[in-house]
$ cat data.cif   # mmCIF, C-alpha atoms
data_model
#
loop_
_atom_site.label_atom_id
_atom_site.label_comp_id
_atom_site.auth_asym_id
_atom_site.auth_seq_id
_atom_site.Cartn_x
_atom_site.Cartn_y
_atom_site.Cartn_z
CA MET O 93 -24.79 -58.68 73.56
CA LYS O 94 -25.98 -61.75 75.48
CA ASN O 95 -25.27 -65.19 74.10
CA SER O 96 -28.02 -67.15 75.81
CA ILE O 97 -31.77 -67.60 75.70
CA ASN O 98 -33.83 -65.79 78.32
CA ASN O 99 -37.23 -67.45 78.24
CA ASN O 100 -38.67 -64.61 80.29
CA ASN O 101 -37.96 -62.21 77.45
CA LEU O 102 -39.57 -64.53 74.91
CA ASP O 103 -42.61 -65.18 77.11
CA GLN O 104 -43.05 -61.46 77.73
CA ILE O 105 -42.81 -60.65 74.01
CA LYS O 106 -45.24 -63.37 72.94
CA SER O 107 -47.71 -62.43 75.67
CA LEU O 108 -47.43 -58.74 74.80
CA LEU O 109 -48.10 -59.38 71.11
CA GLN O 110 -51.07 -61.62 71.84
CA GLY O 111 -52.50 -58.89 74.06
CA LEU O 112 -52.21 -56.42 71.19
CA ALA O 113 -53.69 -58.75 68.58
CA SER O 114 -56.37 -57.23 66.37
CA THR O 115 -59.91 -58.55 66.31
CA ASP O 116 -59.88 -58.16 62.52
CA GLN O 117 -57.26 -60.79 61.77
CA GLU O 118 -59.22 -62.03 58.76
CA LYS O 119 -58.75 -58.69 56.98
CA THR O 120 -54.99 -58.81 57.66
CA ALA O 121 -54.83 -62.37 56.36
CA ARG O 122 -56.59 -61.38 53.13
CA PHE O 123 -54.20 -58.45 52.62
CA PHE O 124 -51.16 -60.70 52.98
CA LYS O 125 -52.61 -63.51 50.83
CA THR O 126 -52.66 -66.36 53.36
CA GLY O 127 -55.44 -68.28 51.62
CA ALA O 128 -54.98 -71.78 50.23
CA GLY O 129 -52.61 -71.67 47.28
CA ASP O 130 -51.55 -68.07 47.94
CA TYR O 131 -47.91 -67.03 48.33
CA ALA O 132 -48.25 -66.69 52.14
CA GLU O 133 -50.44 -69.75 52.68
CA ALA O 134 -48.43 -70.97 55.67
CA ASP O 135 -48.10 -67.56 57.33
CA GLU O 136 -50.13 -66.55 60.38
CA PHE O 137 -51.03 -62.98 61.34
CA ILE O 138 -52.45 -61.66 64.58
CA GLY O 139 -52.87 -58.07 63.41
CA VAL O 140 -50.30 -56.02 65.38
CA PRO O 141 -49.45 -52.79 63.46
CA VAL O 142 -45.85 -52.05 62.48
CA PRO O 143 -45.58 -48.78 64.50
CA ILE O 144 -46.40 -50.76 67.66
CA LEU O 145 -43.85 -53.43 66.74
CA ARG O 146 -41.21 -50.72 66.38
CA LYS O 147 -41.96 -49.42 69.88
CA ILE O 148 -41.70 -52.92 71.30
CA ALA O 149 -38.45 -53.47 69.40
CA LYS O 150 -36.85 -50.50 71.14
CA THR O 151 -37.74 -51.99 74.52
CA TYR O 152 -36.26 -55.40 73.68
CA MET O 153 -33.38 -54.45 71.40
CA HIS O 154 -30.92 -55.84 73.96
CA ILE O 155 -32.00 -59.47 73.49
CA SER O 156 -29.57 -62.06 72.19
CA LEU O 157 -29.25 -63.50 68.70
CA GLU O 158 -30.33 -66.84 70.14
CA GLU O 159 -33.56 -65.26 71.38
CA LEU O 160 -34.10 -63.58 68.03
CA GLN O 161 -33.63 -66.92 66.33
CA GLU O 162 -36.42 -68.39 68.45
CA LEU O 163 -38.72 -65.57 67.34
CA LEU O 164 -37.70 -66.12 63.73
CA LYS O 165 -38.84 -69.75 64.02
CA SER O 166 -42.36 -68.61 64.87
CA LYS O 167 -45.31 -69.26 62.56
CA ILE O 168 -46.63 -65.83 63.52
CA ASN O 169 -45.53 -63.16 61.07
CA GLU O 170 -45.46 -60.35 63.64
CA GLU O 171 -43.06 -62.30 65.85
CA ARG O 172 -40.67 -62.77 62.94
CA LEU O 173 -41.09 -59.14 61.89
CA LEU O 174 -40.37 -57.94 65.43
CA ALA O 175 -37.19 -60.04 65.47
CA LEU O 176 -36.06 -58.49 62.20
CA ILE O 177 -36.80 -54.94 63.37
CA ILE O 178 -34.75 -55.60 66.50
CA LEU O 179 -31.98 -57.04 64.34
CA VAL O 180 -31.98 -53.91 62.18
CA TYR O 181 -31.69 -51.74 65.29
CA GLN O 182 -28.86 -53.90 66.62
CA TYR O 183 -27.00 -53.77 63.32
CA ASP O 184 -27.31 -49.99 63.18
CA LYS O 185 -25.81 -49.64 66.67
CA ALA O 186 -23.13 -52.32 66.20
CA SER O 187 -19.58 -51.87 64.97
CA GLY O 188 -16.88 -53.98 63.36
CA GLU O 189 -17.05 -57.69 64.13
CA LEU O 190 -20.54 -57.45 65.62
CA LYS O 191 -21.93 -56.06 62.35
CA GLU O 192 -20.41 -59.04 60.56
CA GLU O 193 -21.92 -61.43 63.10
CA ILE O 194 -25.38 -59.90 62.67
CA TYR O 195 -25.07 -60.01 58.88
CA GLN O 196 -24.08 -63.67 58.95
CA PHE O 197 -26.95 -64.38 61.34
CA TYR O 198 -29.33 -62.73 58.88
CA LEU O 199 -28.01 -64.89 56.04
CA CYS O 200 -28.30 -68.06 58.11
CA ASN O 201 -31.93 -67.25 58.92
CA LEU O 202 -32.96 -66.04 55.47
CA GLN O 203 -35.49 -68.87 55.24
CA SER O 204 -37.49 -67.05 57.94
CA VAL O 205 -37.55 -63.82 55.91
CA ASN O 206 -40.40 -65.30 53.93
CA ASN O 207 -42.97 -62.66 53.23
CA TRP O 208 -42.75 -59.31 51.47
CA ASN O 209 -43.17 -57.25 54.64
CA LEU O 210 -40.27 -59.11 56.26
CA VAL O 211 -38.01 -58.60 53.24
CA ASP O 212 -38.90 -54.94 52.88
CA ALA O 213 -38.24 -54.20 56.56
CA SER O 214 -34.78 -55.73 56.62
CA ALA O 215 -33.04 -56.50 53.31
CA HIS O 216 -31.71 -53.01 52.58
CA LEU O 217 -30.95 -52.15 56.20
CA ILE O 218 -28.91 -55.27 56.93
CA MET O 219 -27.77 -56.88 53.68
CA GLY O 220 -27.66 -53.67 51.66
CA ALA O 221 -25.94 -51.75 54.45
CA HIS O 222 -23.38 -54.49 55.00
CA LEU O 223 -22.53 -54.96 51.33
CA THR O 224 -21.84 -51.28 50.78
CA ASN O 225 -18.14 -51.06 49.85
CA ARG O 226 -17.96 -54.88 49.85
CA ASP O 227 -18.26 -57.63 47.25
CA LYS O 228 -21.90 -57.88 46.20
CA ASP O 229 -21.90 -61.10 44.20
CA ILE O 230 -24.20 -62.75 46.71
CA LEU O 231 -26.97 -60.57 45.25
CA LEU O 232 -26.44 -62.23 41.87
CA ARG O 233 -26.91 -65.65 43.47
CA LEU O 234 -30.02 -64.58 45.33
CA ALA O 235 -31.49 -63.02 42.18
CA GLN O 236 -31.24 -66.45 40.54
CA SER O 237 -32.76 -68.32 43.46
CA GLU O 238 -35.86 -70.47 43.03
CA ILE O 239 -37.16 -68.94 46.26
CA ILE O 240 -39.22 -65.81 45.56
CA TRP O 241 -38.24 -64.15 48.85
CA GLU O 242 -34.53 -64.48 48.12
CA ARG O 243 -35.06 -62.85 44.73
CA ARG O 244 -36.95 -60.03 46.43
CA VAL O 245 -34.13 -59.66 48.99
CA ALA O 246 -31.68 -59.26 46.09
CA ILE O 247 -33.50 -56.29 44.56
CA VAL O 248 -34.71 -54.63 47.78
CA ALA O 249 -31.18 -54.78 49.25
CA THR O 250 -30.13 -52.32 46.54
CA TRP O 251 -32.38 -49.67 48.09
CA TYR O 252 -29.53 -48.93 50.50
CA PHE O 253 -27.16 -48.39 47.59
CA ILE O 254 -29.69 -46.09 45.93
CA ARG O 255 -29.71 -43.92 49.04
CA LYS O 256 -25.95 -43.62 48.63
CA ASN O 257 -26.40 -42.69 44.94
CA GLU O 258 -24.92 -46.01 43.80
CA LEU O 259 -27.42 -47.16 41.18
CA HIS O 260 -25.50 -49.72 39.14
CA TRP O 261 -26.59 -52.73 41.16
CA THR O 262 -30.26 -51.81 41.06
CA PHE O 263 -30.24 -51.77 37.28
CA LYS O 264 -28.11 -54.92 37.15
CA ILE O 265 -30.47 -56.93 39.36
CA ALA O 266 -33.51 -55.45 37.65
CA GLU O 267 -32.21 -56.69 34.30
CA MET O 268 -31.78 -60.18 35.75
CA LEU O 269 -35.38 -60.19 37.00
CA LEU O 270 -37.09 -58.89 33.85
CA ASN O 271 -38.48 -62.33 33.02
CA ASP O 272 -39.52 -63.25 36.56
CA LYS O 273 -43.00 -64.77 36.68
CA HIS O 274 -44.11 -63.50 40.08
CA ASP O 275 -46.10 -60.30 40.57
CA LEU O 276 -44.33 -59.58 43.88
CA ILE O 277 -41.03 -59.44 42.04
CA HIS O 278 -42.50 -57.23 39.31
CA LYS O 279 -43.65 -54.79 42.00
CA ALA O 280 -40.33 -54.83 43.89
CA VAL O 281 -38.24 -54.30 40.75
CA GLY O 282 -40.49 -51.50 39.53
CA TRP O 283 -40.35 -49.90 42.98
CA MET O 284 -36.53 -49.96 43.07
CA LEU O 285 -36.32 -48.64 39.50
CA ARG O 286 -38.59 -45.78 40.52
CA GLU O 287 -36.38 -45.02 43.54
CA ALA O 288 -33.27 -45.10 41.34
CA GLY O 289 -35.00 -42.78 38.89
CA LYS O 290 -35.55 -40.24 41.64
CA ARG O 291 -31.77 -40.06 42.02
CA ASP O 292 -30.92 -40.10 38.32
CA PRO O 293 -33.82 -39.82 35.85
CA ASN O 294 -31.46 -40.20 32.90
CA GLN O 295 -30.25 -43.63 34.01
CA LEU O 296 -33.84 -44.75 34.43
CA THR O 297 -34.87 -43.58 30.97
CA VAL O 298 -31.83 -45.30 29.42
CA PHE O 299 -32.94 -48.53 31.09
CA LEU O 300 -36.55 -48.03 30.01
CA ASP O 301 -35.56 -47.23 26.44
CA GLN O 302 -33.77 -50.56 26.26
CA TYR O 303 -36.04 -52.85 28.24
CA THR O 304 -39.63 -51.50 28.18
CA PRO O 305 -40.83 -54.10 25.63
CA LEU O 306 -39.55 -56.88 27.92
CA MET O 307 -40.90 -55.51 31.21
CA PRO O 308 -44.05 -56.94 32.80
CA ARG O 309 -46.71 -54.25 32.84
CA THR O 310 -46.84 -54.01 36.64
CA MET O 311 -43.07 -53.53 36.79
CA LEU O 312 -43.25 -50.82 34.16
CA ARG O 313 -46.10 -48.97 35.86
CA TYR O 314 -44.24 -48.88 39.16
CA ALA O 315 -41.02 -47.76 37.45
CA ILE O 316 -42.57 -44.82 35.58
CA GLU O 317 -44.74 -43.56 38.42
CA LYS O 318 -42.69 -40.39 39.00
CA LEU O 319 -42.13 -39.55 35.33
CA SER O 320 -44.07 -36.87 33.46
CA GLU O 321 -47.43 -37.75 31.96
CA GLN O 322 -45.90 -37.47 28.50
CA GLN O 323 -43.12 -39.92 29.41
CA LYS O 324 -45.58 -42.32 31.01
CA LYS O 325 -47.70 -42.35 27.88
CA HIS O 326 -44.62 -42.88 25.71
CA TYR O 327 -43.43 -45.95 27.63
CA LEU O 328 -46.89 -47.46 28.03
CA MET O 329 -47.42 -47.16 24.28
CA ARG O 330 -44.07 -48.89 23.66
CA LYS O 331 -45.19 -51.70 25.94
#
$ encode --input "data.cif" --output "C-alpha cells"
Amino acid sequence: MKNSINNNNLDQIKSLLQGLASTDQEKTARFFKTGAGDYAEADEFIGVPVPILRKIAKTYMHISLEELQELLKSKINEERLLALIILVYQYDKASGELKEEIYQFYLCNLQSVNNWNLVDASAHLIMGAHLTNRDKDILLRLAQSEIIWERRVAIVATWYFIRKNELHWTFKIAEMLLNDKHDLIHKAVGWMLREAGKRDPNQLTVFLDQYTPLMPRTMLRYAIEKLSEQQKKHYLMRK
C-alpha cells in the first residue's frame, strides 16, 4: 500500500462524486437529520447512492491511508463514507500487520465516523472483525462514551460476532445501553438484539424476560420484530 498522498486521486474522486450528486439533496438532508439542532447538523450530503459509492470504492481501493484520511476530513458525508468503504475492502484483503495498521487507523479516525450510516458501514467489518479472538474491552469503553457515535460503534461492532455465533458481547453491550437517552442507540441496540435472536431465540427471550420493563419502547420493538405475534404481544404488554 502507498504511504503518500496522490492529489490526482483525491481530485478525481471529489470531481467524480460531484458529477454524480443528486438534484434532490434536500430530501437526503431531511432523511439524515441535518437541520438545526439535529444529530447531523454539521453534516453535508450531495446525494450519491451507496451502490455507486461501492463501485467507486473498488476502482480506488489501492489508495493510501494518508489519502483516505484526507477524505475522512471532508464535511461531505459521501466522501467520508467512500473512504470507509475503501478501508473495509482494504482490511478484508489485508493480512497480519497490515490488518492491525488499518484497525489502528480506524480507531485514530473514529471522530470522522460521525453519522449512523458511517458507523453501520464500517464498525462490524473493521472493529468487530479485528476484535474477534482478541480482547474486546475497548467496546466497554466506547459503550460508556459521551459521544453517541462511539456508543453506536460499540453495539454495531458486535454484529460481526453475531455472524460467528458469538452472542455474549451483544447482550453485554445491550445491557450497558439500556438507559441510553438517544433514539439512534435504541434502534441500534434493538437491531443487534434482533440479529442475535435470529441465531439463538432462547438467549434473546432470556434477555427480554429480564430487561423488557427497562427497555425503551423503540429498542423493544426492534428486538422483537422476528418473534411470533403471541410473543410480541406478551413483551409489549410487559412494557
$ resolve_selection --input "data.cif" --expression "the PyMOL selection byres ((chain O and resi 288-297) around 9)" --output "ChimeraX atom specification"
/O:251,254-255,257-259,262-263,283-287,298-302,315-316,318-319
$ resolve_selection --input "data.cif" --expression "the PyMOL selection byres ((chain O and resi 311-313) around 10)" --output "PyMOL selection string"
chain O and resi 266+270+275-286+300+303-310+314-318+324+327-328+331
$ atom_distance --input "data.cif" --atom1 "CA of Ala215 in chain O" --atom2 "CA of Glu238 in chain O"
17.6 Å
$ residues_around --input "data.cif" --residues "range 191-195 of chain O" --least-positions-apart "3" --cutoff "9 Å" --atoms "all atoms listed in the file" --output "JSON, numbers by chain"
{"O": [157, 179, 180, 182, 183, 184, 185, 186, 187, 188, 198, 199, 200, 218, 219, 222]}
$ closest_residue --input "data.cif" --among "O:Trp241, O:Phe137, O:Tyr131, O:Phe253" --to "Ala221 in chain O" --atoms "only C-alpha atoms"
O:Phe253
$ decode --input "data.cif" --residues "range 274-286 of chain O" --atoms "all heavy atoms" --output "PDB file, in the first residue's frame"
ATOM      1  N   HIS O 274     -30.660   8.331  23.674  1.00  0.00           N
ATOM      2  CA  HIS O 274     -30.771   8.682  22.256  1.00  0.00           C
ATOM      3  C   HIS O 274     -31.485   7.602  21.443  1.00  0.00           C
ATOM      4  O   HIS O 274     -31.172   6.417  21.541  1.00  0.00           O
ATOM      5  CB  HIS O 274     -29.392   8.936  21.648  1.00  0.00           C
ATOM      6  CG  HIS O 274     -29.440   9.863  20.480  1.00  0.00           C
ATOM      7  ND1 HIS O 274     -30.024   9.523  19.280  1.00  0.00           N
ATOM      8  CD2 HIS O 274     -28.998  11.146  20.322  1.00  0.00           C
ATOM      9  CE1 HIS O 274     -29.915  10.525  18.431  1.00  0.00           C
ATOM     10  NE2 HIS O 274     -29.306  11.532  19.033  1.00  0.00           N
ATOM     11  N   ASP O 275     -32.422   8.039  20.615  1.00  0.00           N
ATOM     12  CA  ASP O 275     -33.210   7.136  19.784  1.00  0.00           C
ATOM     13  C   ASP O 275     -32.338   6.308  18.839  1.00  0.00           C
ATOM     14  O   ASP O 275     -32.639   5.145  18.558  1.00  0.00           O
ATOM     15  CB  ASP O 275     -34.223   7.958  18.982  1.00  0.00           C
ATOM     16  CG  ASP O 275     -35.169   7.094  18.170  1.00  0.00           C
ATOM     17  OD1 ASP O 275     -35.907   6.291  18.776  1.00  0.00           O
ATOM     18  OD2 ASP O 275     -35.174   7.218  16.922  1.00  0.00           O
ATOM     19  N   LEU O 276     -31.236   6.888  18.349  1.00  0.00           N
ATOM     20  CA  LEU O 276     -30.366   6.144  17.433  1.00  0.00           C
ATOM     21  C   LEU O 276     -29.660   4.990  18.119  1.00  0.00           C
ATOM     22  O   LEU O 276     -29.310   3.998  17.479  1.00  0.00           O
ATOM     23  CB  LEU O 276     -29.338   7.089  16.807  1.00  0.00           C
ATOM     24  CG  LEU O 276     -29.865   8.026  15.721  1.00  0.00           C
ATOM     25  CD1 LEU O 276     -28.761   8.960  15.245  1.00  0.00           C
ATOM     26  CD2 LEU O 276     -30.428   7.247  14.544  1.00  0.00           C
ATOM     27  N   ILE O 277     -29.465   5.106  19.413  1.00  0.00           N
ATOM     28  CA  ILE O 277     -28.895   3.993  20.170  1.00  0.00           C
ATOM     29  C   ILE O 277     -29.985   2.957  20.451  1.00  0.00           C
ATOM     30  O   ILE O 277     -29.729   1.745  20.364  1.00  0.00           O
ATOM     31  CB  ILE O 277     -28.260   4.483  21.480  1.00  0.00           C
ATOM     32  CG1 ILE O 277     -27.142   5.483  21.179  1.00  0.00           C
ATOM     33  CG2 ILE O 277     -27.704   3.307  22.292  1.00  0.00           C
ATOM     34  CD1 ILE O 277     -26.007   4.953  20.327  1.00  0.00           C
ATOM     35  N   HIS O 278     -31.187   3.409  20.763  1.00  0.00           N
ATOM     36  CA  HIS O 278     -32.300   2.474  20.963  1.00  0.00           C
ATOM     37  C   HIS O 278     -32.486   1.595  19.718  1.00  0.00           C
ATOM     38  O   HIS O 278     -32.650   0.376  19.822  1.00  0.00           O
ATOM     39  CB  HIS O 278     -33.602   3.236  21.224  1.00  0.00           C
ATOM     40  CG  HIS O 278     -33.549   4.148  22.406  1.00  0.00           C
ATOM     41  ND1 HIS O 278     -34.536   5.070  22.672  1.00  0.00           N
ATOM     42  CD2 HIS O 278     -32.627   4.291  23.397  1.00  0.00           C
ATOM     43  CE1 HIS O 278     -34.216   5.747  23.774  1.00  0.00           C
ATOM     44  NE2 HIS O 278     -33.067   5.284  24.230  1.00  0.00           N
ATOM     45  N   LYS O 279     -32.446   2.223  18.553  1.00  0.00           N
ATOM     46  CA  LYS O 279     -32.638   1.483  17.301  1.00  0.00           C
ATOM     47  C   LYS O 279     -31.497   0.499  17.062  1.00  0.00           C
ATOM     48  O   LYS O 279     -31.728  -0.650  16.662  1.00  0.00           O
ATOM     49  CB  LYS O 279     -32.749   2.461  16.133  1.00  0.00           C
ATOM     50  CG  LYS O 279     -34.025   3.288  16.145  1.00  0.00           C
ATOM     51  CD  LYS O 279     -34.039   4.303  15.003  1.00  0.00           C
ATOM     52  CE  LYS O 279     -35.329   5.103  15.012  1.00  0.00           C
ATOM     53  NZ  LYS O 279     -35.345   6.130  13.933  1.00  0.00           N
ATOM     54  N   ALA O 280     -30.258   0.950  17.291  1.00  0.00           N
ATOM     55  CA  ALA O 280     -29.096   0.088  17.033  1.00  0.00           C
ATOM     56  C   ALA O 280     -29.080  -1.106  17.978  1.00  0.00           C
ATOM     57  O   ALA O 280     -28.805  -2.237  17.561  1.00  0.00           O
ATOM     58  CB  ALA O 280     -27.803   0.890  17.167  1.00  0.00           C
ATOM     59  N   VAL O 281     -29.378  -0.877  19.254  1.00  0.00           N
ATOM     60  CA  VAL O 281     -29.390  -1.976  20.229  1.00  0.00           C
ATOM     61  C   VAL O 281     -30.496  -2.961  19.890  1.00  0.00           C
ATOM     62  O   VAL O 281     -30.289  -4.185  19.882  1.00  0.00           O
ATOM     63  CB  VAL O 281     -29.542  -1.432  21.662  1.00  0.00           C
ATOM     64  CG1 VAL O 281     -29.738  -2.595  22.641  1.00  0.00           C
ATOM     65  CG2 VAL O 281     -28.329  -0.614  22.062  1.00  0.00           C
ATOM     66  N   GLY O 282     -31.692  -2.443  19.604  1.00  0.00           N
ATOM     67  CA  GLY O 282     -32.790  -3.330  19.234  1.00  0.00           C
ATOM     68  C   GLY O 282     -32.477  -4.138  17.989  1.00  0.00           C
ATOM     69  O   GLY O 282     -32.791  -5.337  17.908  1.00  0.00           O
ATOM     70  N   TRP O 283     -31.850  -3.504  17.024  1.00  0.00           N
ATOM     71  CA  TRP O 283     -31.438  -4.173  15.778  1.00  0.00           C
ATOM     72  C   TRP O 283     -30.471  -5.314  16.072  1.00  0.00           C
ATOM     73  O   TRP O 283     -30.644  -6.439  15.578  1.00  0.00           O
ATOM     74  CB  TRP O 283     -30.822  -3.115  14.870  1.00  0.00           C
ATOM     75  CG  TRP O 283     -30.099  -3.592  13.655  1.00  0.00           C
ATOM     76  CD1 TRP O 283     -30.323  -4.738  12.935  1.00  0.00           C
ATOM     77  CD2 TRP O 283     -29.020  -2.914  12.995  1.00  0.00           C
ATOM     78  NE1 TRP O 283     -29.440  -4.810  11.881  1.00  0.00           N
ATOM     79  CE2 TRP O 283     -28.645  -3.710  11.888  1.00  0.00           C
ATOM     80  CE3 TRP O 283     -28.355  -1.706  13.238  1.00  0.00           C
ATOM     81  CZ2 TRP O 283     -27.614  -3.338  11.020  1.00  0.00           C
ATOM     82  CZ3 TRP O 283     -27.324  -1.336  12.369  1.00  0.00           C
ATOM     83  CH2 TRP O 283     -26.965  -2.148  11.277  1.00  0.00           C
ATOM     84  N   MET O 284     -29.436  -5.069  16.898  1.00  0.00           N
ATOM     85  CA  MET O 284     -28.473  -6.116  17.201  1.00  0.00           C
ATOM     86  C   MET O 284     -29.100  -7.234  18.039  1.00  0.00           C
ATOM     87  O   MET O 284     -28.772  -8.408  17.860  1.00  0.00           O
ATOM     88  CB  MET O 284     -27.257  -5.525  17.919  1.00  0.00           C
ATOM     89  CG  MET O 284     -26.365  -4.678  17.031  1.00  0.00           C
ATOM     90  SD  MET O 284     -25.723  -5.580  15.580  1.00  0.00           S
ATOM     91  CE  MET O 284     -26.692  -4.810  14.275  1.00  0.00           C
ATOM     92  N   LEU O 285     -30.004  -6.876  18.942  1.00  0.00           N
ATOM     93  CA  LEU O 285     -30.713  -7.913  19.702  1.00  0.00           C
ATOM     94  C   LEU O 285     -31.533  -8.789  18.766  1.00  0.00           C
ATOM     95  O   LEU O 285     -31.583 -10.013  18.925  1.00  0.00           O
ATOM     96  CB  LEU O 285     -31.610  -7.270  20.764  1.00  0.00           C
ATOM     97  CG  LEU O 285     -30.893  -6.638  21.960  1.00  0.00           C
ATOM     98  CD1 LEU O 285     -31.896  -5.891  22.836  1.00  0.00           C
ATOM     99  CD2 LEU O 285     -30.161  -7.696  22.789  1.00  0.00           C
ATOM    100  N   ARG O 286     -32.182  -8.165  17.811  1.00  0.00           N
ATOM    101  CA  ARG O 286     -32.949  -8.936  16.825  1.00  0.00           C
ATOM    102  C   ARG O 286     -32.043  -9.886  16.051  1.00  0.00           C
ATOM    103  O   ARG O 286     -32.389 -11.066  15.837  1.00  0.00           O
ATOM    104  CB  ARG O 286     -33.640  -7.974  15.857  1.00  0.00           C
ATOM    105  CG  ARG O 286     -34.519  -8.663  14.817  1.00  0.00           C
ATOM    106  CD  ARG O 286     -35.058  -7.640  13.837  1.00  0.00           C
ATOM    107  NE  ARG O 286     -34.003  -7.113  12.985  1.00  0.00           N
ATOM    108  CZ  ARG O 286     -33.999  -5.869  12.495  1.00  0.00           C
ATOM    109  NH1 ARG O 286     -34.952  -5.013  12.804  1.00  0.00           N
ATOM    110  NH2 ARG O 286     -33.003  -5.482  11.715  1.00  0.00           N
TER     111      ARG O 286
END
